[in-house]
Amino acid sequence: MVFSFFKKKDAEADLPMPPTPRLVKPKPIAPATGEGPETAPPAAVAATDDEPVKREDLPALDFTTIGPSTLSAPQIEVAESSDVLSPAMEQAAIAFANDQIDDAIAILAADIQDAHGRHALDTWLMLFDLYQMRNRHAEFDELALQFVVAFERSAPVWRDVDADKKPAPAPAAKAGGPYFLFPSKLAASDIEASLDQLEKHLAAGVAVRVDFGRIEELDSGSAQAIVARWAKFKKKKAKFQPSGGPALAEKLKARIEVMRRVDDEAPFWLLLLEIYQLLGLHDDFENTAVDYAVTYEVSPPSWDANAKTKTVAEVAAEEAKLRAEAPPAELVQDAYRFEGVIVSATEATFAPLFAYADKHNEVRVDFSHVPRVDFVSAGMLMNTVVALTAQSKQVTLVGANELIVALFRIMGINEVASIVRRK
């Protein structure tokens with residue numbers, strides 16, 4: 001039953017820049033001519049906890065059929081339209097994929113003053129990323145000044161590499177700590193992955209801000225899964241700072257009725273009781289528990305004697321205070337994340353991604369922690385994405401740096417997946 005509540009590698013020292021750029025060709029293992037590389041082997045579907053590994057034949061990788069691609073819109077957020085990269089951008093991307101970073105810098109530095117239109121902006125952004133990778137702060141800052149004049153907009157900001165290496169401090173048990181937002185639509189097929197993400201935030205042992213306010217639709221299976229997971233959280237004495245609970249409670253109340261004994265509605269009753277318990281609304285909990293017992297002729301859940309009892313006014317005041325002190329800055333998004341350089345990829349490299357995709361119709365793949373992808377690995381990724389889209393999966397690649405995005409465009413990956421640029 002589904003319902004809608006609204007009915008409708010480390011930093012390196014500065015290195016001198018080569019005086020003149022040289023054209024860089026891809027390594028023999030990945031020629032960029034119409035001959036095309038060897039067909040990648042079939043990818044493997046990773047084993048889950050319950051099922052063995054399955055294999056599927058993937059479409060052959062044929063570089064001769066890759067179409068043109070480009071970015072859309074001035075915001076440079078999503079790459080999925082149809083303009084080709086400039087020759088300098090292609091040369092730099094291939095050089096970078098082959099770990100010839102200084103060559104890539106020379107190519108782009110020689111081209112930025114002559115690049116025009118869409119190519120101009122992308123060329124500058126690629127060069128910013130390369131200076132960051134080589135820890136060339138002075139060149140980065142100089143380029144930033146030139147960028148502001150050339151484009152009349154703010155330039156990319158230097159990221160403190162040393163700060164990135166420091167361990168993140170433990171989140172404070174107050175507003176502004178770990179934040180988890182339930183999505184607007186909850187379905188049994190996806191809810192476990194969301195709850196797994198929430199459970200990761202609880203590992204630090206501090207209060208997690210959990211927001212129910214955006215939920216508009218959920219089915220009986222997702223409600224049941226939340227109730228079951230909440231029992232596990234309570235045994236671990238997990239700490240929460242709830243918001244949006246009263247609004248969810250009202251929506252749940254609209255879906256149940258005393259003496260209307262419908263099995264698929266029972267999880268809504270139980271979830272409502274959990275929300276009241278979490279908020280500290282003792283009287284609402286007891287009244288609902290009695291109605292549940294009468295309707296289903298079973299003993300209802302009991303109030304936790306250690307729970308703090310609050311009034312409706314206190315709950316409202318706490319929620320308003322929480323939102324005023326620390327409005328959510330960034331949503332927790334479920335995605336499969338790659339870590340480190342991806343080179344000489346094999347079937348095993350992408351097997352975990354298949355396992356992740358088995359449980360998701362919308363497959364988000366996070367490249368924000370990947371400094372470089374080589375040419376062959378990009379080809380394997382292309383095969384993987386094609387295989388997933390053949391299964392009617394919607395694939396989105398997020399967080400990749402500008403050089404990796406350019407390589408993906410050369411490979412034609414943007415023709416079969418959405419690419420969201422790193423902000």
# chains A, B, ... in the order shown; residues from 1 in each chain; ligands from 1
>>> select_by_dssp(residues="range 73-250 of chain A", states="strand (DSSP E)", output="PyMOL selection string")
chain A and resi 78-79+179-181+185-186+208-211+217-219+240-243
>>> residues_around(residues="Val370 in chain A", least_positions_apart="3", cutoff="12 Å", atoms="only C-alpha atoms", output="number ranges by chain")
A: 9, 133, 337-343, 365-367, 373-374, 397-405, 422
>>> closest_atom_pairs(of="range 201-274 of chain A", to="range 285-299 of chain A", cutoff="10 Å", atoms="only C-alpha atoms", output="CSV")
residue,atom,partner,partner_atom,distance
A:Lys253,CA,A:Thr288,CA,9.5
A:Ile256,CA,A:Tyr292,CA,9.6
A:Glu257,CA,A:Thr295,CA,8.4
A:Val258,CA,A:Thr295,CA,5.7
A:Met259,CA,A:Thr295,CA,4.3
A:Arg260,CA,A:Thr295,CA,6.5
A:Arg261,CA,A:Thr295,CA,5.8
A:Val262,CA,A:Tyr296,CA,8.6
A:Asp263,CA,A:Tyr296,CA,8.7
A:Ala266,CA,A:Tyr296,CA,8.1
A:Trp269,CA,A:Tyr292,CA,6.8
A:Leu270,CA,A:Tyr292,CA,8.4
A:Leu272,CA,A:Thr288,CA,8.2
A:Leu273,CA,A:Phe285,CA,5.7
A:Glu274,CA,A:Phe285,CA,8.4
>>> atom_distance(atom1="CA of Leu125 in chain A", atom2="CA of Pro156 in chain A")
7.8 Å
>>> residues_around(residues="Phe240 in chain A", least_positions_apart="5", cutoff="12 Å", atoms="only C-alpha atoms", output="number ranges by chain")
A: 173-175, 177-180, 198-199, 201-202, 205-212, 230, 233-234, 245, 275, 277-280, 322
>>> residues_around(residues="Gln224 in chain A", least_positions_apart="3", cutoff="6 Å", atoms="only C-alpha atoms", output="list in words")
Gly221, Val227 and Pro267 of chain A
>>> residues_around(residues="Gln113 in chain A", least_positions_apart="2", cutoff="12 Å", atoms="only C-alpha atoms", output="list in words")
Ala88, Ile107, Leu108, Ala109, Ala110, Asp111, Ala115, His116, Gly117, His119, Ala120, Leu121, Thr123, Trp124, Leu143, Gln146, Phe147 and Ala150 of chain A
>>> write_last_selection(atoms="N, CA and C atoms", output="CSV table (one decimal), in the first residue's frame")
chain,number,residue,atom,x,y,z
A,88,ALA,N,42.6,21.1,-26.8
A,88,ALA,CA,43.4,21.3,-25.7
A,88,ALA,C,42.8,20.6,-24.5
A,107,ILE,N,49.6,22.3,-21.3
A,107,ILE,CA,48.6,22.4,-22.4
A,107,ILE,C,47.5,23.4,-22.1
A,108,LEU,N,47.0,23.4,-20.9
A,108,LEU,CA,45.8,24.3,-20.6
A,108,LEU,C,46.3,25.7,-20.4
A,109,ALA,N,47.5,25.9,-19.7
A,109,ALA,CA,48.0,27.2,-19.5
A,109,ALA,C,48.3,28.0,-20.8
A,110,ALA,N,48.7,27.2,-21.8
A,110,ALA,CA,48.9,27.8,-23.1
A,110,ALA,C,47.6,28.1,-23.9
A,111,ASP,N,46.5,27.5,-23.5
A,111,ASP,CA,45.3,27.6,-24.2
A,111,ASP,C,44.3,28.6,-23.6
A,115,ALA,N,41.0,30.3,-25.7
A,115,ALA,CA,39.8,29.5,-25.6
A,115,ALA,C,38.6,30.5,-25.6
A,116,HIS,N,37.5,30.0,-26.2
A,116,HIS,CA,36.3,30.9,-26.3
A,116,HIS,C,35.1,30.2,-25.9
A,117,GLY,N,34.1,30.9,-25.5
A,117,GLY,CA,32.8,30.4,-25.1
A,117,GLY,C,32.9,29.3,-24.0
A,119,HIS,N,34.2,26.5,-23.9
A,119,HIS,CA,35.5,25.9,-23.8
A,119,HIS,C,36.4,26.7,-22.9
A,120,ALA,N,36.2,28.0,-22.9
A,120,ALA,CA,37.0,28.9,-22.1
A,120,ALA,C,36.8,28.6,-20.6
A,121,LEU,N,35.6,28.6,-20.2
A,121,LEU,CA,35.3,28.4,-18.8
A,121,LEU,C,35.8,27.0,-18.3
A,123,THR,N,38.1,25.2,-19.6
A,123,THR,CA,39.6,25.2,-19.6
A,123,THR,C,40.2,25.8,-18.3
A,124,TRP,N,39.7,26.9,-17.9
A,124,TRP,CA,40.1,27.6,-16.7
A,124,TRP,C,39.8,26.7,-15.5
A,143,LEU,N,45.9,32.9,-11.1
A,143,LEU,CA,44.8,32.5,-12.0
A,143,LEU,C,43.5,33.0,-11.6
A,146,GLN,N,42.9,36.6,-12.5
A,146,GLN,CA,42.7,36.7,-14.0
A,146,GLN,C,41.3,36.2,-14.3
A,147,PHE,N,40.8,35.2,-13.6
A,147,PHE,CA,39.5,34.6,-13.8
A,147,PHE,C,38.4,35.6,-13.5
A,150,ALA,N,38.3,38.1,-16.3
A,150,ALA,CA,37.8,37.5,-17.6
A,150,ALA,C,36.3,37.1,-17.6
>>> atom_distance(atom1="CA of Arg134 in chain A", atom2="CA of Phe375 in chain A")
20.5 Å
>>> residues_around(residues="Met382 in chain A", least_positions_apart="3", cutoff="8 Å", atoms="only C-alpha atoms", output="list in words")
Leu61, Ala378, Gly379, Val385, Val386, Met411, Gly412 and Ile413 of chain A
>>> write_last_selection(atoms="C-alpha atoms", output="PDB file, in the first residue's frame")
ATOM      1  CA  LEU A  61      32.961  -1.024 -25.361  1.00  0.00           C
ATOM      2  CA  ALA A 378      37.035   4.918 -17.531  1.00  0.00           C
ATOM      3  CA  GLY A 379      36.298   2.378 -20.247  1.00  0.00           C
ATOM      4  CA  VAL A 385      27.050   2.281 -16.593  1.00  0.00           C
ATOM      5  CA  VAL A 386      25.709   0.848 -19.847  1.00  0.00           C
ATOM      6  CA  MET A 411      34.447   8.354 -23.240  1.00  0.00           C
ATOM      7  CA  GLY A 412      30.825   9.326 -23.827  1.00  0.00           C
ATOM      8  CA  ILE A 413      29.760   8.375 -20.303  1.00  0.00           C
TER       9      ILE A 413
END
>>> atom_distance(atom1="CA of Pro246 in chain A", atom2="CA of Ala193 in chain A")
24.3 Å
>>> residues_around(residues="Phe268 in chain A", least_positions_apart="4", cutoff="7 Å", atoms="only C-alpha atoms", output="VMD selection string")
chain A and resid 220 223 252 272
